[in-house]
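Okay, structure first, notes after.
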Amino acid sequence: MAMIQTDAQPQTKPTQEKTAKLLRELVAHLRQNRTQLREEWLRRIFQAQLLTAMTREETFAEATSVYDSYVEALETRTLEALQAYAQKLSERIIPRGVETNEVVGIVLLLRDVLARSLFAKYQTEGHLLNDVLDAYEPAANSIAITVAVGFVRERERVIREQQEAIRELSTPVLQVRERLLILPIIGLIDPQRARQLTEQLLRGIRANRAKLVVIDITGVAAMDASVANHLVLTVESARLLGAKVIVTGLSPEIAQTLVNIGVDLGKMNTVGDLQGGIEEAERLLGYTVVLSSEGAQA
Amino acid sequence: MEVPILKQGAFLIATVQSALTDADLTGLRDAIVERVGRHRSRGVILDVTALDVMDSFATGTLRDIAHMTRLRGAQTVIVGIQPDVAYAMAHMGLTMEGITAALDLEEGLAHLSQGRPMSPHE
Amino acid sequence: MTELLTTGETRVRIDSDRAIVDARQRGRAIALKLGFSPGSATLVATSISELARNILLYAGEGEIGLQPLERLEGFGLAIHARDQGPGIADLDRALEDGYSTSGRLGLGLPGVRRLMDEFEINTNGGAGTTVRAVKWNR
């Protein structure tokens with residue numbers, strides 16, 4: 001279970017047990033004063049002009065849940081429930097256009113409002129005030145980080161999904177003949193895109209029951225070792241699904257790159273251009289006796 | 001976990017139903033080899049659609065099955081490798097060289113039925 | 001980048017054939033729950049399978065630890081394969097493709113290194129071995 005960090009240096013700081021006791025007291029105080037502390041927090045949120053994408057009612061509802069989750073995290077001294085809550089909260093508010101600075105902002109405001117309340121309560125008790133803050137601050141910081149990181153992660157996940165969707169649209173795997181797929185690759189290939197292309201191709205092979213794939217790399221912007229290795233990986237994965245791959249658009253320079261990095265071109269069926277590749281594929285598909293796996297090189 | 005092995009004419013069809021332990025894999029290998037010998041089968045289809053992981057041991061065992069059945073005059077075709085599994089295998093370097101893979105049962109049977117002469121490169 | 005928060009490690013005892021399957025299935029489940037794609041979860045499960053088998057073959061028993069990781073750029077999963085076995089005598093060779101002392105296809109460790117983003121081995125003949133392999137979601 002995730003534990004909220006608390007300092008524990010015996011000489012000048014309170015013991016773990018004392019900290020636990022103090023936190024229980026804090027939690028009780030924060031629960032008792034929930035209504036007015038939440039009011040104070042909401043007032044600050046509006047004043048700072050945060051969460052403007054949401055209505056007052058929505059803000060009030062979310063603020064109530066955040067407040068309760070915050071206090072619960074302090075009480076249980078674990079972050080799991082808070083992480084789960086932060087995830088759900090992010091899923092709700094990201095489509096509403098809420099930004100990272102707003103989420104971080106409101107959590108920090110809550111931290112401050114609660115801290116001031118504690119200060120007000122314990123200020124006449126000198127030594128105890130220090131202990132209270134020592135107990136509260138690390139816990140409050142862990143909570144702030146949890147919510148912020150949860151939000152950022154969810155945002156990044158959404159952005160990634162959108163990027164993948166765009167990539168998928170931009171590089172369709174085409175079925176032009178029965179049992180034959182064509183994958184024209186255009187532009188820059190980064191590792192993410194390479195992985196996505198291969199996954200798309202493999203799914204396509206299975207869905208279309210393709211026996212032959214023509215991968216055209218004429219439009220590939222830059223062929224380096226990692227792209228070349230990925231190409232080899234793609235050819236081998238496709239073979240495991242029973243599909244042969246013909247690579248077309250291999251310029252002499254690229255062929256040299258491949259040879260230099262140790263790719264056995266004999267393993268890859270290569271043809272000069274896309275048209276030639278399709279013809280070769282049709283020829284292979286037209287045979288009633290399937291050729292042996294050595295394939296043909298042009 | 002017993003893998004059902006069906007006899008279909010001159011062919012055997014073994015369909016994995018769920019995750020296999022190492023012992024299950026070894027048992028499967030022995031069972032297939034024994035049945036090929038007993039029925040003098042010409043071909044074996046090993047359907048691994050249900051396997052969500054194929055690591056070096058599983059691949060090595062499949063290789064053993066292919067070799068041992070070939071010694072007894074039968075060709076083995078592996079079918080049903082999942083796309084994610086194929087990717088992981090290729091990424092790892094487990095290409096199953098020398099072993100024939102086909103997409104599914106239908107393709108596997110078509111491959112065996114073509115009566116291709118078996119070369120050492122199969 | 002420092003890891004800010006961690007949740008606890010899930011430990012799976014490796015003492016049988018069946019345990020290898022359990023460990024990798026749990027690994028897949030945890031990876032999916034964390035948010036990895038099915039493809040990445042398969043890479044994780046395959047790595048766990050290899051590491052768990054190594055434990056069984058060379059040490060007889062041990063454990064696989066699965067630790068979710070987090071950093072600002074994203075999340076990850078750390079696999080710890082721990083045993084108290086005799087250790088790996090020749091580490092360089094063990095990381096070479098094709099090397100195996102047990103007669104099997106010697107692709108376990110180099111294979112895992114290819115699949116994962118981080119990979120380190122601590123082996124100390126007699127004091128056991130710990131392999132740490134991490135997959136990040138980026």
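Chain identifiers are assigned as A, B, and so on, following the order in which chains appear in the structure tokens; residues are numbered from 1 within each chain, and ligands are numbered from 1 in order of appearance.
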
Closest atom pairs, residues of chain A within 9 Å of chain C, only C-alpha atoms, as a Markdown table:
```
| residue | atom | partner | partner_atom | distance |
| --- | --- | --- | --- | --- |
| A:Met1 | CA | C:Gly8 | CA | 5.2 |
| A:Ala2 | CA | C:Thr7 | CA | 4.8 |
| A:Met3 | CA | C:Thr7 | CA | 8.3 |
| A:Leu79 | CA | C:Thr7 | CA | 8.3 |
| A:Glu80 | CA | C:Thr7 | CA | 7.6 |
| A:Ser142 | CA | C:Leu5 | CA | 8.5 |
| A:Ile145 | CA | C:Leu4 | CA | 8.2 |
| A:Thr146 | CA | C:Leu5 | CA | 7.7 |
| A:Val149 | CA | C:Leu72 | CA | 6.6 |
| A:Val152 | CA | C:Leu72 | CA | 7.8 |
| A:Arg153 | CA | C:Gly74 | CA | 6.3 |
| A:Glu156 | CA | C:Gly74 | CA | 8.1 |
| A:Arg157 | CA | C:Gly35 | CA | 8.8 |
| A:Gln192 | CA | C:Arg138 | CA | 8.3 |
| A:Glu199 | CA | C:Gly39 | CA | 8.1 |
```

Applying 9 Å and only C-alpha atoms, which residues near C:Leu51 remain after dropping the ones on its own chain fewer than 6 positions away? List them as a short mmCIF file (atom, residue, chain, number, x, y, z; two decimals) with C-alpha atoms, in the first residue's frame.
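In the end it all went to out-v9.cif:
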```cif
data_model
loop_
_atom_site.label_atom_id
_atom_site.label_comp_id
_atom_site.auth_asym_id
_atom_site.auth_seq_id
_atom_site.Cartn_x
_atom_site.Cartn_y
_atom_site.Cartn_z
CA ILE C 20 5.64 -19.63 -14.18
CA ILE C 64 9.12 -12.70 -9.16
CA ILE C 79 10.07 -7.02 -12.82
CA HIS C 80 12.44 -8.36 -10.20
CA ALA C 81 13.49 -11.98 -10.53
CA GLY C 108 16.08 -16.26 -22.23
CA LEU C 109 18.18 -13.41 -20.91
CA VAL C 112 14.35 -10.23 -22.19
CA VAL C 131 17.45 -9.61 -12.42
#
```

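The residue that comes closest to A:Thr100, out of A:Pro184, A:Gly150, A:Gly272, A:Gly242 and on the basis of only C-alpha atoms, is A:Gly150.
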
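With the cut-off set to 7 Å and only C-alpha atoms counted, chain A residues close to chain B are Leu202, Arg203, Leu233, Glu236, Ser237, Arg239, Leu240, Leu241, Gly242 and Val289 of chain A.
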
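Atom to atom, atom CA of B:Gly9 and atom CA of B:Ser41 stand 8.1 Å apart.
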
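What separates atom CA of A:Leu212 from atom CA of A:Gln275 is a distance of 14.4 Å.
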
All residues 7 Å or closer to C:Ile14, only C-alpha atoms, same chain fewer than 6 positions away omitted, as a PDB file with N, CA and C atoms, in the first residue's frame:
```pdb
ATOM      1  N   ILE C  20       5.184 -20.452 -13.065  1.00  0.00           N
ATOM      2  CA  ILE C  20       5.635 -19.628 -14.185  1.00  0.00           C
ATOM      3  C   ILE C  20       4.421 -19.048 -14.908  1.00  0.00           C
ATOM      4  N   ALA C  52      11.179 -16.250 -14.899  1.00  0.00           N
ATOM      5  CA  ALA C  52      10.703 -17.218 -13.917  1.00  0.00           C
ATOM      6  C   ALA C  52      11.276 -18.599 -14.217  1.00  0.00           C
ATOM      7  N   LEU C  56      13.631 -21.242 -11.908  1.00  0.00           N
ATOM      8  CA  LEU C  56      13.306 -22.637 -11.664  1.00  0.00           C
ATOM      9  C   LEU C  56      14.442 -23.547 -12.114  1.00  0.00           C
ATOM     10  N   GLU C  61      14.110 -22.505  -6.942  1.00  0.00           N
ATOM     11  CA  GLU C  61      12.981 -21.698  -6.518  1.00  0.00           C
ATOM     12  C   GLU C  61      13.428 -20.263  -6.300  1.00  0.00           C
ATOM     13  N   GLY C  62      12.431 -19.390  -6.239  1.00  0.00           N
ATOM     14  CA  GLY C  62      12.752 -17.974  -6.043  1.00  0.00           C
ATOM     15  C   GLY C  62      11.452 -17.196  -6.112  1.00  0.00           C
ATOM     16  N   GLU C  63      11.531 -15.928  -6.454  1.00  0.00           N
ATOM     17  CA  GLU C  63      10.303 -15.153  -6.560  1.00  0.00           C
ATOM     18  C   GLU C  63      10.408 -14.124  -7.681  1.00  0.00           C
ATOM     19  N   ILE C  64       9.224 -13.784  -8.179  1.00  0.00           N
ATOM     20  CA  ILE C  64       9.115 -12.699  -9.155  1.00  0.00           C
ATOM     21  C   ILE C  64       8.396 -11.556  -8.453  1.00  0.00           C
TER      22      ILE C  64
END
```

If you run DSSP on this backbone, which residues of stretch 14-71 of chain B come out as strand (DSSP E or B), and could you give them as a tab-separated table (two decimals) with C-alpha atoms, in the first residue's frame?
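Below is the file that was written, states.tsv:
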```tsv
chain	number	residue	atom	x	y	z
B	14	ALA	CA	-3.87	-30.58	-32.02
B	15	THR	CA	-5.72	-27.61	-30.60
B	43	GLY	CA	0.89	-33.93	-41.43
B	44	VAL	CA	0.30	-32.23	-38.10
B	45	ILE	CA	-1.50	-28.96	-37.44
B	46	LEU	CA	-0.74	-27.40	-34.10
B	47	ASP	CA	-3.24	-24.66	-33.29
```

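With atom CA of A:Met54 on one side and atom CA of A:Glu72 on the other, the separation reads 24.7 Å.
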
Check your understanding: Residues of chain C in alpha helix (DSSP H) according to DSSP, as number ranges by chain?
Key -> C: 17-34, 38-59, 91-94, 108-115

At a cut-off of 10 Å, which residues of chain C touch chain B? Count only C-alpha atoms and give the answer as a PDB file with C-alpha atoms, in the first residue's frame.
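Generated output (selection.pdb):
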```pdb
ATOM      1  CA  SER C  16       6.848 -25.026  -9.928  1.00  0.00           C
ATOM      2  CA  ASP C  17       5.915 -25.139 -13.572  1.00  0.00           C
ATOM      3  CA  ARG C  18       2.493 -23.791 -12.775  1.00  0.00           C
ATOM      4  CA  ALA C  19       4.017 -20.825 -10.956  1.00  0.00           C
ATOM      5  CA  ILE C  20       5.635 -19.628 -14.185  1.00  0.00           C
ATOM      6  CA  VAL C  21       2.219 -19.452 -15.820  1.00  0.00           C
ATOM      7  CA  ASP C  22       0.681 -17.760 -12.759  1.00  0.00           C
ATOM      8  CA  ARG C  24       3.112 -14.171 -16.212  1.00  0.00           C
ATOM      9  CA  GLN C  25      -0.672 -14.058 -16.117  1.00  0.00           C
ATOM     10  CA  ARG C  28      -0.137  -9.278 -17.791  1.00  0.00           C
ATOM     11  CA  PRO C  38      -2.155  -5.451 -24.976  1.00  0.00           C
ATOM     12  CA  GLY C  39       0.972  -5.622 -27.148  1.00  0.00           C
ATOM     13  CA  SER C  40       3.174  -4.225 -24.382  1.00  0.00           C
ATOM     14  CA  ALA C  41       1.479  -6.411 -21.793  1.00  0.00           C
ATOM     15  CA  THR C  42       2.453  -9.413 -23.932  1.00  0.00           C
ATOM     16  CA  LEU C  43       6.083  -8.266 -23.932  1.00  0.00           C
ATOM     17  CA  VAL C  44       5.927  -8.023 -20.140  1.00  0.00           C
ATOM     18  CA  ALA C  45       4.304 -11.438 -19.761  1.00  0.00           C
ATOM     19  CA  THR C  46       6.855 -13.040 -22.077  1.00  0.00           C
ATOM     20  CA  SER C  47       9.741 -11.525 -20.130  1.00  0.00           C
ATOM     21  CA  ILE C  48       8.301 -12.757 -16.845  1.00  0.00           C
ATOM     22  CA  SER C  49       7.968 -16.219 -18.310  1.00  0.00           C
ATOM     23  CA  GLU C  50      11.633 -16.301 -19.300  1.00  0.00           C
ATOM     24  CA  ARG C  53      11.885 -20.244 -15.841  1.00  0.00           C
ATOM     25  CA  ASP C  97      22.348 -15.392 -27.958  1.00  0.00           C
ATOM     26  CA  ARG C 104      17.623 -25.464 -24.086  1.00  0.00           C
ATOM     27  CA  LEU C 105      17.376 -22.671 -26.583  1.00  0.00           C
ATOM     28  CA  GLY C 106      19.595 -20.159 -24.845  1.00  0.00           C
ATOM     29  CA  LEU C 107      17.596 -17.070 -25.579  1.00  0.00           C
ATOM     30  CA  GLY C 108      16.076 -16.257 -22.225  1.00  0.00           C
ATOM     31  CA  LEU C 109      18.182 -13.406 -20.910  1.00  0.00           C
ATOM     32  CA  PRO C 110      19.242 -11.721 -24.156  1.00  0.00           C
ATOM     33  CA  GLY C 111      15.652 -11.988 -25.295  1.00  0.00           C
ATOM     34  CA  VAL C 112      14.354 -10.231 -22.189  1.00  0.00           C
ATOM     35  CA  ARG C 113      16.944  -7.527 -22.642  1.00  0.00           C
ATOM     36  CA  ARG C 114      15.592  -6.902 -26.140  1.00  0.00           C
ATOM     37  CA  LEU C 115      11.998  -6.733 -25.024  1.00  0.00           C
ATOM     38  CA  MET C 116      12.446  -4.464 -22.015  1.00  0.00           C
TER      39      MET C 116
END
```

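Across C:Ala127, C:Ala133, C:Leu32, C:Ala94, the tightest approach to C:Gly65 is made by C:Ala133 when counting only C-alpha atoms.
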
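Using only C-alpha atoms for every distance, the candidate list B:Val36, B:Leu25, B:Leu51, B:Met68 yields B:Val36 as the residue closest to B:Ala10.
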